[in-house]
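Have a look at the structure below, then the notes.
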Amino acid sequence: MVAVLLTGCAGPSSPPPGTGTTATPSATVSPSAAPSAATTTTPAPDSAAGPVPCGRADLEASLQSRPQDSGAGNFFWDLRLTNTGEAACTVEGYPVTTLVSAATGEPVGAVSGTEPGRWYTVTVVALEPGTSAYSLLHLGQAGAYGCPLVPVDALDVTLPGWDTASRVATPNPIDGCDDDSTEIVRTGPLAPAPVTF
């Protein structure tokens with residue numbers, strides 16, 4: 001009878017080893033886990049962003065004639081835009097060109113139209129330093145339009161997003177139309193290589 005009373009009293013007063021210690025540490029560990037999770041979701045740095053659009057100061061413009069592709073009152077030039085900057089940049093879309101009077105140095109005639117979808121589609125062209133993009137210019141002989149003729153020796157070139165033009169010399173003197181209703185230049189979309197017929 002006495003042995004039974006001793007056994008009954010001993011059970012509740014001495015818990016098994018480790019029973020009280022496992023609950024206490026687990027309560028103190030869970031708050032410290034939250035900060036370590038937050039550090040793994042830190043956003044990546046902005047260095048992954050791609051090249052920005054080329055500005056006017058980043059590009060050098062030039063024109064090359066294509067006599068082998070010209071005839072029957074039409075002729076073609078390649079507009080070449082070369083990245084002369086120190087970082088990569090992009091171009092996209094259709095250049096806008098305006099003929100420039102050789103006598104006055106002022107723009108003359110209508111701004112260029114577009115010639116979409118014949119060889120290249122509109123796409124973003126990434127230019128590393130020293131590389132070029134091209135637009136095929138399709139021109140008509142001004143004399144075929146019956147308009148007042150004016151000698152032309154340069155083009156003003158503007159890209160989408162620019163607010164000022166770059167002036168580039170023509171490969172050879174041509175005549176332009178001294179009216180705003182006759183469009184004699186059409187531009188193709190900027191592409192990573194010249195068009196081949």
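Ligands are numbered from 1 in the order shown, chains are lettered A, B, ... in the order of the structure tokens, and residues start at 1 in each chain.
Using only C-alpha atoms, the contacts of range 66-83 of chain A at a cut-off of 6 Å, with sequence neighbours closer than 3 positions omitted, comprise Asp58, Leu59, Glu60, Ala61, Ser62, Leu63, Pro129, Gly130, Thr131, Ser132, Ala133, Tyr134, Ser135, Leu136, Leu137, His138, Leu139, Gly140 and Gln141 of chain A.
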Let's have the selection written as a PDB file, in the first residue's frame, with N, CA and C atoms.
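Result saved to again_15.pdb:
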```pdb
ATOM      1  N   ASP A  58      24.627  60.069 -80.096  1.00  0.00           N
ATOM      2  CA  ASP A  58      25.230  58.729 -80.113  1.00  0.00           C
ATOM      3  C   ASP A  58      25.494  58.215 -81.529  1.00  0.00           C
ATOM      4  N   LEU A  59      24.850  58.817 -82.530  1.00  0.00           N
ATOM      5  CA  LEU A  59      24.858  58.245 -83.871  1.00  0.00           C
ATOM      6  C   LEU A  59      25.483  59.185 -84.893  1.00  0.00           C
ATOM      7  N   GLU A  60      26.240  58.594 -85.787  1.00  0.00           N
ATOM      8  CA  GLU A  60      26.777  59.333 -86.941  1.00  0.00           C
ATOM      9  C   GLU A  60      26.042  58.839 -88.183  1.00  0.00           C
ATOM     10  N   ALA A  61      25.451  59.774 -88.937  1.00  0.00           N
ATOM     11  CA  ALA A  61      24.659  59.422 -90.111  1.00  0.00           C
ATOM     12  C   ALA A  61      25.469  59.610 -91.387  1.00  0.00           C
ATOM     13  N   SER A  62      25.262  58.714 -92.352  1.00  0.00           N
ATOM     14  CA  SER A  62      25.875  58.847 -93.675  1.00  0.00           C
ATOM     15  C   SER A  62      24.933  58.258 -94.717  1.00  0.00           C
ATOM     16  N   LEU A  63      25.101  58.667 -95.960  1.00  0.00           N
ATOM     17  CA  LEU A  63      24.285  58.177 -97.062  1.00  0.00           C
ATOM     18  C   LEU A  63      25.182  57.576 -98.132  1.00  0.00           C
ATOM     19  N   PRO A 129      28.790  49.685 -79.579  1.00  0.00           N
ATOM     20  CA  PRO A 129      29.656  50.744 -80.104  1.00  0.00           C
ATOM     21  C   PRO A 129      30.367  50.291 -81.380  1.00  0.00           C
ATOM     22  N   GLY A 130      30.298  51.134 -82.410  1.00  0.00           N
ATOM     23  CA  GLY A 130      30.945  50.834 -83.682  1.00  0.00           C
ATOM     24  C   GLY A 130      30.080  50.107 -84.687  1.00  0.00           C
ATOM     25  N   THR A 131      28.904  49.629 -84.299  1.00  0.00           N
ATOM     26  CA  THR A 131      28.038  48.927 -85.241  1.00  0.00           C
ATOM     27  C   THR A 131      26.970  49.873 -85.792  1.00  0.00           C
ATOM     28  N   SER A 132      26.293  49.436 -86.883  1.00  0.00           N
ATOM     29  CA  SER A 132      25.397  50.327 -87.621  1.00  0.00           C
ATOM     30  C   SER A 132      24.031  49.708 -87.860  1.00  0.00           C
ATOM     31  N   ALA A 133      23.054  50.576 -88.055  1.00  0.00           N
ATOM     32  CA  ALA A 133      21.723  50.211 -88.535  1.00  0.00           C
ATOM     33  C   ALA A 133      21.488  50.925 -89.860  1.00  0.00           C
ATOM     34  N   TYR A 134      20.572  50.368 -90.666  1.00  0.00           N
ATOM     35  CA  TYR A 134      20.380  50.868 -92.028  1.00  0.00           C
ATOM     36  C   TYR A 134      18.899  51.062 -92.331  1.00  0.00           C
ATOM     37  N   SER A 135      18.616  52.097 -93.110  1.00  0.00           N
ATOM     38  CA  SER A 135      17.282  52.309 -93.662  1.00  0.00           C
ATOM     39  C   SER A 135      17.439  52.515 -95.164  1.00  0.00           C
ATOM     40  N   LEU A 136      16.636  51.798 -95.944  1.00  0.00           N
ATOM     41  CA  LEU A 136      16.671  51.963 -97.396  1.00  0.00           C
ATOM     42  C   LEU A 136      15.788  53.146 -97.780  1.00  0.00           C
ATOM     43  N   LEU A 137      16.368  54.138 -98.450  1.00  0.00           N
ATOM     44  CA  LEU A 137      15.609  55.298 -98.921  1.00  0.00           C
ATOM     45  C   LEU A 137      15.266  55.101-100.392  1.00  0.00           C
ATOM     46  N   HIS A 138      13.999  55.207-100.703  1.00  0.00           N
ATOM     47  CA  HIS A 138      13.505  55.084-102.079  1.00  0.00           C
ATOM     48  C   HIS A 138      13.104  56.477-102.557  1.00  0.00           C
ATOM     49  N   LEU A 139      13.805  56.967-103.572  1.00  0.00           N
ATOM     50  CA  LEU A 139      13.588  58.332-104.051  1.00  0.00           C
ATOM     51  C   LEU A 139      13.076  58.315-105.483  1.00  0.00           C
ATOM     52  N   GLY A 140      12.255  59.318-105.812  1.00  0.00           N
ATOM     53  CA  GLY A 140      11.804  59.525-107.183  1.00  0.00           C
ATOM     54  C   GLY A 140      12.502  60.731-107.790  1.00  0.00           C
ATOM     55  N   GLN A 141      12.673  60.715-109.110  1.00  0.00           N
ATOM     56  CA  GLN A 141      13.264  61.867-109.809  1.00  0.00           C
ATOM     57  C   GLN A 141      12.277  63.030-109.763  1.00  0.00           C
TER      58      GLN A 141
END
```
Task: Surrounding residues of Asp179 in chain A excluding itself and chain neighbours under 6 positions, 8 Å, only C-alpha atoms, as a list in words - done: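 These residues fall inside the cut-off: Val108, Gly109, Ala110, Cys147 and Pro148 of chain A.
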- [ ] Could you please determine the separation between CA of Val91 in chain A and CA of Glu106 in chain A in Å, to one decimal place?
- [x]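 Those two atoms sit 26.3 Å apart.
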- [ ] Tell me, in Å to one decimal, how far CA of Pro160 in chain A is from CA of Ser101 in chain A.
- [x]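 Pair CA of Pro160 in chain A / CA of Ser101 in chain A returns 23.5 Å.
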- [ ] Write down as a PyMOL selection string the residues of range 75-161 of chain A whose backbone DSSP state falls under helix (DSSP H, G or I).
- [x] chain A and resi 142-145
Can I get the selection written as a JSON list (two decimals), in the first residue's frame, with N, CA and C atoms?
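See again12.json below for the written result:
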```json
[["chain", "number", "residue", "atom", "x", "y", "z"],
["A", 142, "ALA", "N", 12.72, 64.14, -109.17],
["A", 142, "ALA", "CA", 11.81, 65.27, -108.98],
["A", 142, "ALA", "C", 11.27, 65.80, -110.30],
["A", 143, "GLY", "N", 12.06, 65.71, -111.35],
["A", 143, "GLY", "CA", 11.61, 66.21, -112.64],
["A", 143, "GLY", "C", 10.39, 65.50, -113.19],
["A", 144, "ALA", "N", 10.10, 64.31, -112.71],
["A", 144, "ALA", "CA", 8.94, 63.56, -113.20],
["A", 144, "ALA", "C", 7.63, 64.04, -112.58],
["A", 145, "TYR", "N", 7.69, 64.90, -111.56],
["A", 145, "TYR", "CA", 6.48, 65.32, -110.86],
["A", 145, "TYR", "C", 5.92, 66.65, -111.34]]
```
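Once Val111 in chain A and its same-chain neighbours fewer than 2 positions away are set aside, A:Val96, A:Thr97, A:Thr98, A:Gly109, A:Gly113, A:Glu183 remain within 7 Å of it when counting only C-alpha atoms.
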Open item on the list: Ranking A:Leu149, A:Cys54, A:Leu155, A:Ala165 by minimum distance to Thr182 in chain A and counting only C-alpha atoms, which one comes first?
Closed with: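 Result for the nearest residue to Thr182 in chain A: A:Leu149.
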Task: Point-to-point distance in Å for CA of Ser112 in chain A and CA of Gly85 in chain A - done: 27.1 Å
Task: Counting only C-alpha atoms, the residue of A:Val150, A:Ala87, A:Ala126, A:Ile184 that sits nearest Thr104 in chain A - done: A:Val150
Thr123 in chain A environment, 10 Å, only C-alpha atoms, sequence neighbours closer than 3 positions dropped, as a tab-separated table (two decimals) with N, CA, C and O atoms, in the first residue's frame:
```tsv
chain	number	residue	atom	x	y	z
A	91	VAL	N	17.85	51.41	-81.75
A	91	VAL	CA	17.05	52.21	-82.67
A	91	VAL	C	15.87	51.36	-83.11
A	91	VAL	O	15.94	50.13	-83.11
A	92	GLU	N	14.80	52.03	-83.50
A	92	GLU	CA	13.59	51.29	-83.91
A	92	GLU	C	12.72	52.21	-84.75
A	92	GLU	O	12.59	53.39	-84.47
A	93	GLY	N	12.10	51.63	-85.78
A	93	GLY	CA	11.10	52.36	-86.55
A	93	GLY	C	11.65	53.00	-87.81
A	93	GLY	O	12.71	52.62	-88.33
A	120	TYR	N	12.13	44.47	-94.65
A	120	TYR	CA	12.27	44.27	-93.20
A	120	TYR	C	11.02	44.77	-92.50
A	120	TYR	O	10.36	45.69	-92.98
A	126	ALA	N	19.62	46.55	-81.74
A	126	ALA	CA	20.60	46.89	-80.71
A	126	ALA	C	21.94	47.18	-81.37
A	126	ALA	O	22.41	46.41	-82.20
A	189	PRO	N	12.10	50.70	-92.68
A	189	PRO	CA	12.38	50.58	-91.24
A	189	PRO	C	13.86	50.30	-90.99
A	189	PRO	O	14.54	49.69	-91.82
A	190	LEU	N	14.35	50.77	-89.87
A	190	LEU	CA	15.75	50.53	-89.51
A	190	LEU	C	15.99	49.05	-89.31
A	190	LEU	O	15.18	48.34	-88.70
A	191	ALA	N	17.11	48.58	-89.86
A	191	ALA	CA	17.42	47.16	-89.89
A	191	ALA	C	18.91	46.97	-89.57
A	191	ALA	O	19.71	47.88	-89.72
A	192	PRO	N	19.30	45.74	-89.16
A	192	PRO	CA	20.71	45.51	-88.80
A	192	PRO	C	21.65	45.35	-89.99
A	192	PRO	O	22.87	45.26	-89.79
```
Open item on the list: Could you go through range 88-167 of chain A and tell me which residues DSSP, when run on the backbone, assigns to strand (DSSP E), listing them as JSON, numbers by chain?
Closed with: {"A": [89, 90, 91, 96, 97, 98, 99, 100, 101, 107, 108, 113, 114, 125, 126, 127, 132, 133, 134, 135, 136, 137, 138, 139, 140, 149, 150, 151, 152, 153, 154, 155, 156, 157, 158, 166, 167]}
With N, CA, C and O atoms retained, export the selected residues as a CSV table (one decimal), in the first residue's frame.
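Final file, out_32.csv:
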```csv
chain,number,residue,atom,x,y,z
A,89,CYS,N,23.2,51.0,-77.5
A,89,CYS,CA,21.9,51.7,-77.5
A,89,CYS,C,21.1,51.0,-78.6
A,89,CYS,O,21.5,50.2,-79.3
A,90,THR,N,19.8,51.5,-78.7
A,90,THR,CA,18.9,50.8,-79.6
A,90,THR,C,18.2,51.9,-80.5
A,90,THR,O,18.1,53.0,-80.2
A,91,VAL,N,17.9,51.4,-81.7
A,91,VAL,CA,17.0,52.2,-82.7
A,91,VAL,C,15.9,51.4,-83.1
A,91,VAL,O,15.9,50.1,-83.1
A,96,VAL,N,12.6,59.8,-90.3
A,96,VAL,CA,12.0,60.9,-91.1
A,96,VAL,C,13.0,61.7,-91.7
A,96,VAL,O,13.9,62.2,-91.0
A,97,THR,N,12.9,61.9,-93.0
A,97,THR,CA,13.9,62.7,-93.7
A,97,THR,C,13.3,63.9,-94.4
A,97,THR,O,12.1,63.8,-94.8
A,98,THR,N,14.0,65.0,-94.5
A,98,THR,CA,13.6,66.2,-95.3
A,98,THR,C,14.7,66.6,-96.1
A,98,THR,O,15.9,66.7,-95.7
A,99,LEU,N,14.5,66.9,-97.4
A,99,LEU,CA,15.5,67.4,-98.3
A,99,LEU,C,15.9,68.9,-97.9
A,99,LEU,O,15.1,69.6,-97.3
A,100,VAL,N,17.2,69.2,-98.1
A,100,VAL,CA,17.7,70.5,-97.7
A,100,VAL,C,18.2,71.2,-98.9
A,100,VAL,O,19.0,70.7,-99.7
A,101,SER,N,17.7,72.5,-99.1
A,101,SER,CA,18.1,73.3,-100.3
A,101,SER,C,19.6,73.6,-100.2
A,101,SER,O,20.1,74.0,-99.2
A,107,PRO,N,15.2,73.3,-95.0
A,107,PRO,CA,14.4,72.2,-95.5
A,107,PRO,C,13.5,72.6,-96.5
A,107,PRO,O,13.0,73.8,-96.5
A,108,VAL,N,13.3,71.7,-97.5
A,108,VAL,CA,12.4,72.1,-98.6
A,108,VAL,C,11.6,70.9,-99.0
A,108,VAL,O,12.0,69.7,-98.9
A,113,GLY,N,7.8,59.8,-96.6
A,113,GLY,CA,6.8,58.9,-96.3
A,113,GLY,C,7.5,57.6,-95.8
A,113,GLY,O,8.7,57.5,-95.7
A,114,THR,N,6.7,56.5,-95.7
A,114,THR,CA,7.3,55.2,-95.3
A,114,THR,C,7.0,54.2,-96.3
A,114,THR,O,6.0,54.3,-97.1
A,125,VAL,N,16.6,47.4,-83.0
A,125,VAL,CA,18.0,47.0,-83.4
A,125,VAL,C,18.9,47.5,-82.4
A,125,VAL,O,19.0,48.7,-82.1
A,126,ALA,N,19.6,46.6,-81.7
A,126,ALA,CA,20.6,46.9,-80.7
A,126,ALA,C,21.9,47.2,-81.4
A,126,ALA,O,22.4,46.4,-82.2
A,127,LEU,N,22.5,48.3,-81.0
A,127,LEU,CA,23.8,48.7,-81.6
A,127,LEU,C,24.9,48.8,-80.5
A,127,LEU,O,24.8,49.6,-79.6
A,132,SER,N,26.3,49.4,-86.9
A,132,SER,CA,25.4,50.3,-87.6
A,132,SER,C,24.0,49.7,-87.9
A,132,SER,O,23.9,48.5,-87.9
A,133,ALA,N,23.1,50.6,-88.1
A,133,ALA,CA,21.7,50.2,-88.5
A,133,ALA,C,21.5,50.9,-89.9
A,133,ALA,O,22.1,52.0,-90.1
A,134,TYR,N,20.6,50.4,-90.7
A,134,TYR,CA,20.4,50.9,-92.0
A,134,TYR,C,18.9,51.1,-92.3
A,134,TYR,O,18.1,50.3,-91.9
A,135,SER,N,18.6,52.1,-93.1
A,135,SER,CA,17.3,52.3,-93.7
A,135,SER,C,17.4,52.5,-95.2
A,135,SER,O,18.3,53.3,-95.6
A,136,LEU,N,16.6,51.8,-95.9
A,136,LEU,CA,16.7,52.0,-97.4
A,136,LEU,C,15.8,53.1,-97.8
A,136,LEU,O,14.6,53.2,-97.5
A,137,LEU,N,16.4,54.1,-98.4
A,137,LEU,CA,15.6,55.3,-98.9
A,137,LEU,C,15.3,55.1,-100.4
A,137,LEU,O,16.1,54.9,-101.2
A,138,HIS,N,14.0,55.2,-100.7
A,138,HIS,CA,13.5,55.1,-102.1
A,138,HIS,C,13.1,56.5,-102.6
A,138,HIS,O,12.2,57.1,-102.0
A,139,LEU,N,13.8,57.0,-103.6
A,139,LEU,CA,13.6,58.3,-104.1
A,139,LEU,C,13.1,58.3,-105.5
A,139,LEU,O,13.4,57.4,-106.3
A,140,GLY,N,12.3,59.3,-105.8
A,140,GLY,CA,11.8,59.5,-107.2
A,140,GLY,C,12.5,60.7,-107.8
A,140,GLY,O,12.9,61.7,-107.1
A,149,LEU,N,11.6,72.9,-109.3
A,149,LEU,CA,12.8,72.2,-108.8
A,149,LEU,C,13.7,73.1,-108.0
A,149,LEU,O,13.8,74.3,-108.3
A,150,VAL,N,14.4,72.5,-107.1
A,150,VAL,CA,15.4,73.2,-106.2
A,150,VAL,C,16.5,72.2,-106.0
A,150,VAL,O,16.3,71.0,-105.7
A,151,PRO,N,17.8,72.7,-106.2
A,151,PRO,CA,18.9,71.8,-106.0
A,151,PRO,C,19.0,71.4,-104.5
A,151,PRO,O,18.8,72.2,-103.6
A,152,VAL,N,19.4,70.2,-104.2
A,152,VAL,CA,19.5,69.6,-102.9
A,152,VAL,C,20.8,69.0,-102.7
A,152,VAL,O,21.3,68.3,-103.6
A,153,ASP,N,21.5,69.2,-101.5
A,153,ASP,CA,22.8,68.6,-101.3
A,153,ASP,C,22.9,68.0,-99.9
A,153,ASP,O,23.9,67.6,-99.5
A,154,ALA,N,21.7,67.9,-99.2
A,154,ALA,CA,21.8,67.3,-97.8
A,154,ALA,C,20.3,66.9,-97.5
A,154,ALA,O,19.4,67.3,-98.1
A,155,LEU,N,20.3,66.0,-96.4
A,155,LEU,CA,19.0,65.6,-95.8
A,155,LEU,C,19.1,65.9,-94.3
A,155,LEU,O,20.1,65.7,-93.7
A,156,ASP,N,17.9,66.3,-93.8
A,156,ASP,CA,17.8,66.3,-92.3
A,156,ASP,C,17.1,65.0,-91.9
A,156,ASP,O,16.1,64.6,-92.5
A,157,VAL,N,17.7,64.3,-90.9
A,157,VAL,CA,17.3,63.0,-90.5
A,157,VAL,C,16.8,63.0,-89.0
A,157,VAL,O,17.6,63.5,-88.2
A,158,THR,N,15.6,62.6,-88.8
A,158,THR,CA,15.1,62.5,-87.4
A,158,THR,C,14.7,61.1,-87.1
A,158,THR,O,14.0,60.5,-87.9
A,166,SER,N,19.5,65.4,-87.4
A,166,SER,CA,20.9,65.4,-87.8
A,166,SER,C,21.0,65.7,-89.3
A,166,SER,O,20.2,65.1,-90.1
A,167,ARG,N,21.9,66.5,-89.7
A,167,ARG,CA,22.0,66.8,-91.2
A,167,ARG,C,23.2,66.0,-91.8
A,167,ARG,O,24.2,65.8,-91.2
```
TODO: Check the smallest atom-to-atom distance from each of A:Gly105, A:Gly176, A:Gly146, A:Gly55 to Thr164 in chain A using only C-alpha atoms, then report the winner.
DONE: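 Among the listed residues, the smallest separation from Thr164 in chain A belongs to A:Gly55.
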